Each structure stands twice: as structure tokens, then as C-alpha cells.
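So this one's query-v1.cif, mmCIF, C-alpha atoms:
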data_upload
loop_
_atom_site.label_atom_id
_atom_site.label_comp_id
_atom_site.auth_asym_id
_atom_site.auth_seq_id
_atom_site.Cartn_x
_atom_site.Cartn_y
_atom_site.Cartn_z
CA MET A 1411 -23.92 -11.13 -52.17
CA ARG A 1412 -20.16 -10.93 -52.19
CA GLY A 1413 -20.33 -7.41 -50.78
CA ALA A 1414 -22.61 -8.51 -47.93
CA ALA A 1415 -20.33 -11.43 -47.08
CA GLY A 1416 -17.33 -9.13 -47.15
CA ASP A 1417 -19.03 -6.68 -44.81
CA THR A 1418 -19.87 -9.51 -42.42
CA MET A 1419 -16.30 -10.78 -42.38
CA THR A 1420 -15.03 -7.23 -41.83
CA SER A 1421 -17.46 -6.79 -38.94
CA MET A 1422 -16.33 -10.08 -37.42
CA ARG A 1423 -12.68 -9.12 -37.70
CA HIS A 1424 -13.18 -5.71 -36.14
CA LEU A 1425 -15.44 -7.11 -33.44
CA ALA A 1426 -12.58 -9.39 -32.43
CA LEU A 1427 -10.13 -6.48 -32.59
CA HIS A 1428 -12.18 -4.06 -30.51
CA LEU A 1429 -13.60 -6.55 -28.02
CA GLY A 1430 -10.72 -8.99 -27.81
CA VAL A 1431 -9.31 -7.13 -24.83
CA ALA A 1432 -12.65 -7.24 -23.05
CA GLY A 1433 -12.93 -10.93 -23.82
CA LEU A 1434 -9.56 -11.56 -22.27
CA LEU A 1435 -10.84 -9.85 -19.14
CA VAL A 1436 -13.54 -12.49 -18.88
CA ALA A 1437 -10.97 -15.24 -19.30
CA LEU A 1438 -8.74 -13.72 -16.65
CA ALA A 1439 -11.65 -13.47 -14.22
CA ALA A 1440 -12.70 -17.06 -14.89
CA ALA A 1441 -9.15 -18.27 -14.34
CA ALA A 1442 -8.90 -16.57 -10.97
CA SER A 1443 -9.31 -18.49 -7.73
CA GLY A 1444 -12.60 -18.57 -5.86
CA ALA A 1445 -11.66 -15.40 -3.99
CA ALA A 1446 -13.41 -12.20 -5.09
CA PRO A 1447 -11.37 -10.03 -7.47
CA PRO A 1448 -9.74 -6.95 -5.92
CA PRO A 1449 -11.50 -3.57 -6.05
CA LEU A 1450 -10.26 -0.94 -8.49
CA GLN A 1451 -6.64 -0.39 -7.51
CA PRO A 1452 -4.35 2.65 -7.93
CA PHE A 1453 -2.09 2.54 -10.98
CA ALA A 1454 1.28 2.35 -9.15
CA SER A 1455 3.98 4.45 -7.54
CA SER A 1456 5.45 7.29 -9.56
CA GLY A 1457 8.24 6.40 -11.94
CA SER A 1458 7.12 2.86 -12.78
CA ALA A 1459 4.89 0.96 -15.15
CA PRO A 1460 1.33 0.37 -13.92
CA LEU A 1461 1.12 -2.50 -11.44
CA ALA A 1462 -1.17 -5.54 -11.38
CA PRO A 1463 -4.06 -6.01 -11.57
CA TRP A 1464 -3.77 -3.29 -14.24
CA ARG A 1465 -2.44 -4.87 -17.42
CA VAL A 1466 -1.57 -3.49 -20.87
CA LEU A 1467 -3.38 -5.35 -23.63
CA GLY A 1468 -3.72 -4.83 -27.37
CA LEU A 1469 -5.37 -6.36 -30.39
CA PRO A 1470 -5.15 -10.09 -31.09
CA HIS A 1471 -1.74 -10.84 -32.62
CA GLN A 1472 -0.88 -7.14 -32.56
CA HIS A 1473 2.17 -6.20 -34.62
CA LYS A 1474 1.73 -2.42 -34.54
CA SER A 1475 3.13 -0.30 -31.72
CA PHE A 1476 1.47 -0.35 -28.32
CA THR A 1477 0.22 2.82 -26.67
CA ARG A 1478 2.62 3.73 -23.86
CA PHE A 1479 1.42 3.74 -20.25
CA THR A 1480 3.64 5.04 -17.44
CA VAL A 1481 2.95 6.35 -13.94
CA THR A 1482 4.13 9.83 -13.03
CA THR A 1483 3.42 12.68 -10.62
CA LEU A 1484 1.70 15.68 -12.20
CA ASP A 1485 0.37 18.70 -10.32
CA GLY A 1486 0.42 16.69 -7.11
CA HIS A 1487 -1.52 13.77 -8.59
CA GLN A 1488 -0.24 10.23 -9.01
CA ALA A 1489 -1.21 9.98 -12.66
CA LEU A 1490 -1.24 7.56 -15.56
CA ARG A 1491 0.51 9.03 -18.61
CA VAL A 1492 -1.06 7.76 -21.85
CA GLU A 1493 0.77 8.46 -25.12
CA ALA A 1494 -0.43 7.15 -28.48
CA ASP A 1495 1.84 7.34 -31.53
CA SER A 1496 0.37 5.42 -34.49
CA SER A 1497 -0.40 2.85 -31.81
CA TYR A 1498 -3.13 0.92 -30.05
CA GLY A 1499 -3.47 -0.24 -26.45
CA LEU A 1500 -5.62 -0.39 -23.36
CA LEU A 1501 -4.71 -0.56 -19.70
CA VAL A 1502 -7.32 -2.87 -18.20
CA HIS A 1503 -8.44 -3.86 -14.72
CA THR A 1504 -10.39 -7.11 -14.37
CA LEU A 1505 -13.58 -7.00 -12.31
CA HIS A 1506 -16.66 -9.10 -11.82
CA GLU A 1507 -18.97 -6.75 -9.98
CA ASN A 1508 -22.61 -7.73 -9.62
CA PRO A 1509 -24.46 -5.85 -8.22
CA VAL A 1510 -22.75 -3.07 -10.12
CA PRO A 1511 -21.24 -0.05 -8.34
CA ARG A 1512 -23.31 2.99 -9.24
CA TYR A 1513 -20.60 5.52 -10.09
CA LEU A 1514 -17.19 5.62 -11.72
CA SER A 1515 -15.24 8.81 -11.00
CA TRP A 1516 -11.85 9.96 -12.24
CA LEU A 1517 -9.65 12.91 -13.13
CA TRP A 1518 -8.23 13.32 -16.62
CA ARG A 1519 -6.51 15.85 -18.83
CA VAL A 1520 -5.33 15.98 -22.42
CA ASP A 1521 -2.16 17.82 -23.35
CA GLU A 1522 -2.22 16.96 -27.05
CA LEU A 1523 -5.28 16.12 -29.13
CA ASN A 1524 -5.07 14.21 -32.41
CA PRO A 1525 -6.67 16.54 -34.98
CA ASP A 1526 -7.31 13.73 -37.48
CA VAL A 1527 -9.65 11.77 -35.21
CA ASP A 1528 -13.21 11.25 -36.48
CA LEU A 1529 -15.16 8.66 -34.50
CA ARG A 1530 -17.79 8.53 -37.24
CA ARG A 1531 -15.40 6.97 -39.77
CA ARG A 1532 -13.28 3.82 -39.62
CA SER A 1533 -10.23 5.68 -40.89
CA GLY A 1534 -10.58 8.19 -38.05
CA GLU A 1535 -11.74 5.96 -35.20
CA ASP A 1536 -9.02 6.86 -32.68
CA SER A 1537 -9.03 8.71 -29.35
CA ALA A 1538 -6.62 10.92 -27.43
CA LEU A 1539 -7.95 9.54 -24.14
CA LYS A 1540 -10.80 7.21 -23.21
CA VAL A 1541 -12.15 5.45 -20.14
CA CYS A 1542 -14.11 2.28 -20.92
CA VAL A 1543 -16.56 0.20 -18.92
CA LEU A 1544 -16.96 -3.42 -20.02
CA TRP A 1545 -20.21 -5.34 -19.53
CA ASP A 1546 -21.07 -9.05 -19.56
CA MET A 1547 -24.38 -8.67 -21.41
CA ALA A 1548 -26.20 -11.89 -22.34
CA ILE A 1549 -25.82 -12.77 -26.02
CA ASP A 1550 -29.53 -13.51 -26.42
CA ARG A 1551 -30.17 -9.79 -25.90
CA VAL A 1552 -28.00 -8.84 -28.89
CA PRO A 1553 -29.89 -8.09 -32.15
CA PHE A 1554 -30.09 -11.11 -34.47
CA LEU A 1555 -27.50 -10.25 -37.14
CA GLU A 1556 -24.97 -8.93 -34.64
CA ARG A 1557 -25.61 -11.99 -32.48
CA GLN A 1558 -24.63 -14.29 -35.35
CA ILE A 1559 -21.50 -12.25 -36.00
CA LEU A 1560 -20.66 -12.35 -32.31
CA ARG A 1561 -21.21 -16.11 -32.15
CA VAL A 1562 -18.93 -16.72 -35.14
CA ALA A 1563 -16.31 -14.41 -33.64
CA ARG A 1564 -16.52 -16.28 -30.33
CA ALA A 1565 -16.24 -19.62 -32.11
CA THR A 1566 -12.98 -18.53 -33.75
CA SER A 1567 -11.54 -16.93 -30.61
CA ASP A 1568 -9.84 -18.69 -27.72
CA VAL A 1569 -11.42 -16.24 -25.25
CA PRO A 1570 -15.10 -15.32 -24.80
CA LEU A 1571 -16.10 -11.94 -26.25
CA PRO A 1572 -18.56 -9.83 -24.21
CA ALA A 1573 -21.36 -8.04 -25.97
CA ALA A 1574 -21.28 -4.47 -24.63
CA SER A 1575 -18.61 -1.84 -24.01
CA VAL A 1576 -19.09 1.88 -23.22
CA CYS A 1577 -16.18 4.26 -23.72
CA TYR A 1578 -16.10 7.84 -22.42
CA VAL A 1579 -13.88 9.93 -24.69
CA TRP A 1580 -12.13 13.28 -24.84
CA ASP A 1581 -12.63 14.11 -28.52
CA ALA A 1582 -11.05 16.61 -30.89
CA HIS A 1583 -14.20 17.59 -32.81
CA LEU A 1584 -17.54 16.15 -31.67
CA PRO A 1585 -19.63 18.21 -29.23
CA VAL A 1586 -19.95 17.18 -25.60
CA GLY A 1587 -22.89 14.85 -25.10
CA THR A 1588 -22.52 13.08 -28.45
CA GLN A 1589 -23.39 9.38 -28.25
CA LEU A 1590 -22.50 7.09 -31.13
CA ASP A 1591 -21.58 3.55 -32.07
CA SER A 1592 -18.11 2.61 -33.25
CA PRO A 1593 -18.04 2.47 -37.06
CA PHE A 1594 -16.44 -0.97 -36.67
CA THR A 1595 -18.98 -2.62 -34.34
CA HIS A 1596 -22.21 -1.72 -32.56
CA ARG A 1597 -20.96 -3.66 -29.53
CA LEU A 1598 -18.73 -0.64 -28.72
CA ARG A 1599 -20.38 2.71 -28.06
CA PHE A 1600 -18.97 6.13 -27.22
CA ILE A 1601 -20.05 9.07 -25.07
CA VAL A 1602 -18.16 12.33 -25.63
CA LEU A 1603 -17.53 13.98 -22.26
CA ARG A 1604 -14.89 16.54 -23.26
CA SER A 1605 -13.99 18.21 -26.53
CA ALA A 1606 -11.52 20.61 -28.09
CA ASP A 1607 -13.49 23.43 -26.41
CA ASP A 1608 -12.26 22.20 -23.03
CA ALA A 1609 -8.94 23.56 -21.86
CA LEU A 1610 -5.88 21.44 -22.52
CA HIS A 1611 -3.19 21.00 -19.85
CA GLN A 1612 -5.83 21.22 -17.10
CA TRP A 1613 -7.41 18.51 -14.99
CA ALA A 1614 -11.13 17.83 -15.37
CA ALA A 1615 -13.22 15.76 -12.95
CA GLU A 1616 -15.82 13.20 -14.06
CA ARG A 1617 -18.41 11.18 -12.14
CA ARG A 1618 -20.65 8.93 -14.21
CA ASP A 1619 -23.65 6.84 -13.30
CA ILE A 1620 -22.38 3.87 -15.32
CA GLY A 1621 -25.61 1.90 -15.04
CA ALA A 1622 -27.62 4.81 -16.39
CA ASP A 1623 -25.15 5.25 -19.24
CA PHE A 1624 -25.39 1.54 -20.08
CA GLN A 1625 -29.18 1.80 -20.19
CA ALA A 1626 -29.00 4.92 -22.37
CA LEU A 1627 -26.81 3.14 -24.94
CA PHE A 1628 -27.92 -0.49 -24.65
CA GLY A 1629 -31.29 -0.25 -22.89
CA HIS A 1630 -33.21 -0.92 -26.09
CA GLU A 1631 -31.53 -4.34 -26.14
CA THR A 1632 -31.93 -5.36 -22.50
CA SER A 1633 -33.84 -4.10 -19.46
CA SER A 1634 -31.45 -5.68 -16.94
CA LEU A 1635 -28.04 -4.44 -15.92
CA PRO A 1636 -25.34 -7.08 -16.53
CA ALA A 1637 -22.27 -7.74 -14.44
CA LEU A 1638 -19.39 -5.29 -14.68
CA ILE A 1639 -16.32 -7.24 -15.85
CA GLY A 1640 -13.71 -4.55 -16.36
CA VAL A 1641 -12.58 -0.94 -16.51
CA ALA A 1642 -9.99 0.28 -19.01
CA VAL A 1643 -8.03 3.43 -19.83
CA GLY A 1644 -6.63 3.88 -23.31
CA ALA A 1645 -5.71 5.93 -26.33
CA ASP A 1646 -5.13 4.93 -29.91
CA ALA A 1647 -3.80 6.50 -33.08
CA ASP A 1648 -3.40 3.45 -35.31
CA ASN A 1649 -6.11 4.43 -37.80
CA THR A 1650 -5.03 8.06 -38.23
CA HIS A 1651 -1.29 7.43 -37.73
CA GLY A 1652 -1.30 10.44 -35.45
CA HIS A 1653 -0.09 11.34 -31.96
CA SER A 1654 -1.80 12.26 -28.68
CA LEU A 1655 -0.94 12.66 -25.01
CA GLY A 1656 -3.20 12.50 -21.98
CA TYR A 1657 -3.31 11.65 -18.28
CA ALA A 1658 -5.74 9.96 -15.90
CA ALA A 1659 -5.81 9.82 -12.10
CA GLN A 1660 -7.92 8.94 -9.06
CA MET A 1661 -10.17 6.31 -10.65
CA VAL A 1662 -12.76 5.17 -8.11
CA LEU A 1663 -15.79 2.88 -8.26
CA GLU A 1664 -18.48 4.00 -5.82
#

Would you give me this structure, written as C-alpha cells?
Amino acid sequence: MRGAAGDTMTSMRHLALHLGVAGLLVALAAAASGAAPPPLQPFASSGSAPLAPWRVLGLPHQHKSFTRFTVTTLDGHQALRVEADSSYGLLVHTLHENPVPRYLSWLWRVDELNPDVDLRRRSGEDSALKVCVLWDMAIDRVPFLERQILRVARATSDVPLPAASVCYVWDAHLPVGTQLDSPFTHRLRFIVLRSADDALHQWAAERRDIGADFQALFGHETSSLPALIGVAVGADADNTHGHSLGYAAQMVLE
């Protein structure tokens, strides 16, 4: 019994850690004026930190280092430089898009992979570069046990926590096409789009049908597509205590 309770508390804590950023997105959207939120904006001009509405966020009460986000020019692209060094952080853009845009497209490249990453294990659950889509799925569509954990987590948080996040990752080991849940929480799910077999130091273009990807990962829980509440770019190396470097550019919702 003690072990089950401990697992539940661990799940609650990591749910808050991994979805706290997405929950803050909801709070930011709710606090906005009646005007519609802006569309997905460029990161900034070269040589500066990313500009609003992009915002760097971390874990609740984060004491560890933050992943570093700066804007630079690389191969003619205005690019976001993302460097993780035993750190955690996401660069997030608040949205409240319903109906949902069909596609999210972007360019990305990785110059340094973290060889210790293993998304199947908690101790290895880091990423050299990820692009995340955050969904406002209704809690009554969440499976019973996870729903109770989510409700308790929401009751102890000062921001609402959404129930579904999809992260596209450039991974060091898993084959392209791998789909899996985070070992910390089933509310966060990954799709591997690029791997160590893809060339480093070179740009790669992506264009994802985000609604179709949501249905592929969460469609057994709900038949309807929820509102899109945010897009995020990130990298983390806090579990492996490693280092990675990547870039993203030209993010567009279509």
C-alpha cells in the first residue's frame, strides 16, 4: 500500500513538473484582455533574447539551471539557439486556437546530441531539442486513475494544468517514428521525428498535421479535438546532467 501511495505522489509531483508550464499558459491566456491572442510570432531580432509573447518558463520553484535561449543568425536563418547544460526550460508561446490550425511547420537542427538520453527511463528523460504542442483536453476524458492524480495536482497548484501535451523530439537513440509516453506522466507523449542517423549541423524541415498527431496519441481518450493553448520549444539535460545544443527557426501555424 505504501508503495502504491508513493508512486501516486511521485506521479503527482512529476505531473506538476512536466505540465506546470502548460498550465501557466492557460493562466496567461485567461488573464489576457478580451482581444484574441496574437498568432505565432517570430522569436526576435538577431543578437537578443526571444521577445514576447515568447517566454522562458521552467519547473515550479525551479532551483536548477535554466536552458539558455538566444536569437542568432545561422546560415541565413533568424534562429533560436537552445543550449541545455544540466538544465531545464521551455520557450513558450500562449495561444487559444479553436478551431485548431491544421499544420505546424518549422526548421530545426542539432549540433550536439546528449548521448545519455533515454526517453524510456526517468533518469534519461531529457531531449536535445523538442517542439511541443499543448492541448486543453477536457479532464473527464482522462482515464480514471490519471484523472484523480490530475485533479489532486490541480487542487495543489495555483494554475490549471491541462491534460495533454505532444512533444516532437530529435533523439539520440530511438528510431524515427517512435511514439511513447513520458516515464513521468502519461499526460505528456513523444513522437521521434529525427534521430542520431540524421546529419548534425544541417537544417531539417518539418510539417506536422498536429490534429492527426493528437488523435494518434490521445484519440483513444477523446474523439474531439480540443483547443490549442500553446506551442513550446525546449531542451533539457537535468536528469542526465549532460549537454546539448540545437536550433529552431521559421515556426509557422497553418

Evaluate the PyMOL selection byres ((chain A and resi 1639) around 7) and record the selected residues as a JSON list (two decimals) with C-alpha atoms, in the frame of the given file, following the chain and residue labels used in the document.
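The result, stored in part_36.json:
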[["chain", "number", "residue", "atom", "x", "y", "z"],
["A", 1435, "LEU", "CA", -10.84, -9.85, -19.14],
["A", 1436, "VAL", "CA", -13.54, -12.49, -18.88],
["A", 1504, "THR", "CA", -10.39, -7.11, -14.37],
["A", 1505, "LEU", "CA", -13.58, -7.00, -12.31],
["A", 1506, "HIS", "CA", -16.66, -9.10, -11.82],
["A", 1507, "GLU", "CA", -18.97, -6.75, -9.98],
["A", 1544, "LEU", "CA", -16.96, -3.42, -20.02],
["A", 1545, "TRP", "CA", -20.21, -5.34, -19.53],
["A", 1546, "ASP", "CA", -21.07, -9.05, -19.56],
["A", 1637, "ALA", "CA", -22.27, -7.74, -14.44],
["A", 1638, "LEU", "CA", -19.39, -5.29, -14.68],
["A", 1640, "GLY", "CA", -13.71, -4.55, -16.36]]

Residues in the PyMOL selection byres ((chain A and resi 1624) around 12), expressed as an MDAnalysis selection string:
chainID A and resid 1510 1512:1513 1542:1547 1573:1578 1589 1597:1601 1618:1623 1625:1638

Given the selection you just returned, output its residues as a file containing C-alpha atoms, formatted as a PDB file, keeping the file's coordinate frame.
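Result saved to out_35.pdb:
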ATOM      1  CA  VAL A1510     -22.750  -3.070 -10.120  1.00  0.00           C
ATOM      2  CA  ARG A1512     -23.310   2.990  -9.240  1.00  0.00           C
ATOM      3  CA  TYR A1513     -20.600   5.520 -10.090  1.00  0.00           C
ATOM      4  CA  CYS A1542     -14.110   2.280 -20.920  1.00  0.00           C
ATOM      5  CA  VAL A1543     -16.560   0.200 -18.920  1.00  0.00           C
ATOM      6  CA  LEU A1544     -16.960  -3.420 -20.020  1.00  0.00           C
ATOM      7  CA  TRP A1545     -20.210  -5.340 -19.530  1.00  0.00           C
ATOM      8  CA  ASP A1546     -21.070  -9.050 -19.560  1.00  0.00           C
ATOM      9  CA  MET A1547     -24.380  -8.670 -21.410  1.00  0.00           C
ATOM     10  CA  ALA A1573     -21.360  -8.040 -25.970  1.00  0.00           C
ATOM     11  CA  ALA A1574     -21.280  -4.470 -24.630  1.00  0.00           C
ATOM     12  CA  SER A1575     -18.610  -1.840 -24.010  1.00  0.00           C
ATOM     13  CA  VAL A1576     -19.090   1.880 -23.220  1.00  0.00           C
ATOM     14  CA  CYS A1577     -16.180   4.260 -23.720  1.00  0.00           C
ATOM     15  CA  TYR A1578     -16.100   7.840 -22.420  1.00  0.00           C
ATOM     16  CA  GLN A1589     -23.390   9.380 -28.250  1.00  0.00           C
ATOM     17  CA  ARG A1597     -20.960  -3.660 -29.530  1.00  0.00           C
ATOM     18  CA  LEU A1598     -18.730  -0.640 -28.720  1.00  0.00           C
ATOM     19  CA  ARG A1599     -20.380   2.710 -28.060  1.00  0.00           C
ATOM     20  CA  PHE A1600     -18.970   6.130 -27.220  1.00  0.00           C
ATOM     21  CA  ILE A1601     -20.050   9.070 -25.070  1.00  0.00           C
ATOM     22  CA  ARG A1618     -20.650   8.930 -14.210  1.00  0.00           C
ATOM     23  CA  ASP A1619     -23.650   6.840 -13.300  1.00  0.00           C
ATOM     24  CA  ILE A1620     -22.380   3.870 -15.320  1.00  0.00           C
ATOM     25  CA  GLY A1621     -25.610   1.900 -15.040  1.00  0.00           C
ATOM     26  CA  ALA A1622     -27.620   4.810 -16.390  1.00  0.00           C
ATOM     27  CA  ASP A1623     -25.150   5.250 -19.240  1.00  0.00           C
ATOM     28  CA  GLN A1625     -29.180   1.800 -20.190  1.00  0.00           C
ATOM     29  CA  ALA A1626     -29.000   4.920 -22.370  1.00  0.00           C
ATOM     30  CA  LEU A1627     -26.810   3.140 -24.940  1.00  0.00           C
ATOM     31  CA  PHE A1628     -27.920  -0.490 -24.650  1.00  0.00           C
ATOM     32  CA  GLY A1629     -31.290  -0.250 -22.890  1.00  0.00           C
ATOM     33  CA  HIS A1630     -33.210  -0.920 -26.090  1.00  0.00           C
ATOM     34  CA  GLU A1631     -31.530  -4.340 -26.140  1.00  0.00           C
ATOM     35  CA  THR A1632     -31.930  -5.360 -22.500  1.00  0.00           C
ATOM     36  CA  SER A1633     -33.840  -4.100 -19.460  1.00  0.00           C
ATOM     37  CA  SER A1634     -31.450  -5.680 -16.940  1.00  0.00           C
ATOM     38  CA  LEU A1635     -28.040  -4.440 -15.920  1.00  0.00           C
ATOM     39  CA  PRO A1636     -25.340  -7.080 -16.530  1.00  0.00           C
ATOM     40  CA  ALA A1637     -22.270  -7.740 -14.440  1.00  0.00           C
ATOM     41  CA  LEU A1638     -19.390  -5.290 -14.680  1.00  0.00           C
TER      42      LEU A1638
END

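Of the listed residues A:Val1502, A:Leu1514, A:Val1602, A:Leu1484, the one whose atoms come nearest to Ala1538 (chain A) is A:Val1602, with distances taken using all atoms listed in the file.
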
As a check of understanding, name the residues that the PyMOL selection byres ((chain A and resi 1653) around 8) selects in the supplied structure, as a short mmCIF file (atom, residue, chain, number, x, y, z; two decimals) with C-alpha atoms, in the frame of the given file.
data_model
loop_
_atom_site.label_atom_id
_atom_site.label_comp_id
_atom_site.auth_asym_id
_atom_site.auth_seq_id
_atom_site.Cartn_x
_atom_site.Cartn_y
_atom_site.Cartn_z
CA GLU A 1493 0.77 8.46 -25.12
CA ALA A 1494 -0.43 7.15 -28.48
CA ASP A 1495 1.84 7.34 -31.53
CA SER A 1496 0.37 5.42 -34.49
CA GLU A 1522 -2.22 16.96 -27.05
CA LEU A 1523 -5.28 16.12 -29.13
CA ASN A 1524 -5.07 14.21 -32.41
CA ALA A 1538 -6.62 10.92 -27.43
CA ALA A 1647 -3.80 6.50 -33.08
CA HIS A 1651 -1.29 7.43 -37.73
CA GLY A 1652 -1.30 10.44 -35.45
CA SER A 1654 -1.80 12.26 -28.68
CA LEU A 1655 -0.94 12.66 -25.01
#

Close residues, Val1466 (chain A) itself excluded, 7 Å, all atoms listed in the file, min 6 positions apart in chain, as a ChimeraX atom specification
/A:1499-1502

If you count only C-alpha atoms, which residues fall within 12 Å of His1473 (chain A), apart from same-chain ones fewer than 2 positions away, as a list in words?
Gly1468, Leu1469, Pro1470, His1471, Ser1475, Phe1476, Ser1496, Ser1497, Tyr1498, Gly1499 and Asp1648 of chain A

Would you kindly return, as a PyMOL selection string, each protein, DNA or RNA residue with an atom no farther than 12 Å from any atom of region 1606-1616 of chain A, considering only C-alpha atoms and excluding same-chain residues fewer than 5 positions away?
chain A and resi 1484-1487+1489+1513-1525+1527+1538+1541+1578-1586+1654-1663

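Shortest atom-to-atom contact with Thr1595 (chain A) among A:Arg1532, A:Ser1537, A:Pro1509, A:Glu1664: A:Arg1532, counting all atoms listed in the file.
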
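For the residues A:His1503, A:Arg1491, A:Phe1594, A:Arg1531, ranking by smallest atom-to-atom distance to Leu1467 (chain A) using only C-alpha atoms places A:His1503 first.
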
Contact residues around Phe1453 (chain A) with only C-alpha atoms at 7 Å, ignoring same-chain residues under 6 positions, as JSON, numbers by chain
{"A": [1460, 1461, 1464, 1481, 1490]}

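For the set A:Pro1511, A:Pro1463, A:Gly1587, A:Gly1534, the residue with the smallest atom-to-atom gap to Ala1642 (chain A) is A:Pro1463, counting all atoms listed in the file.
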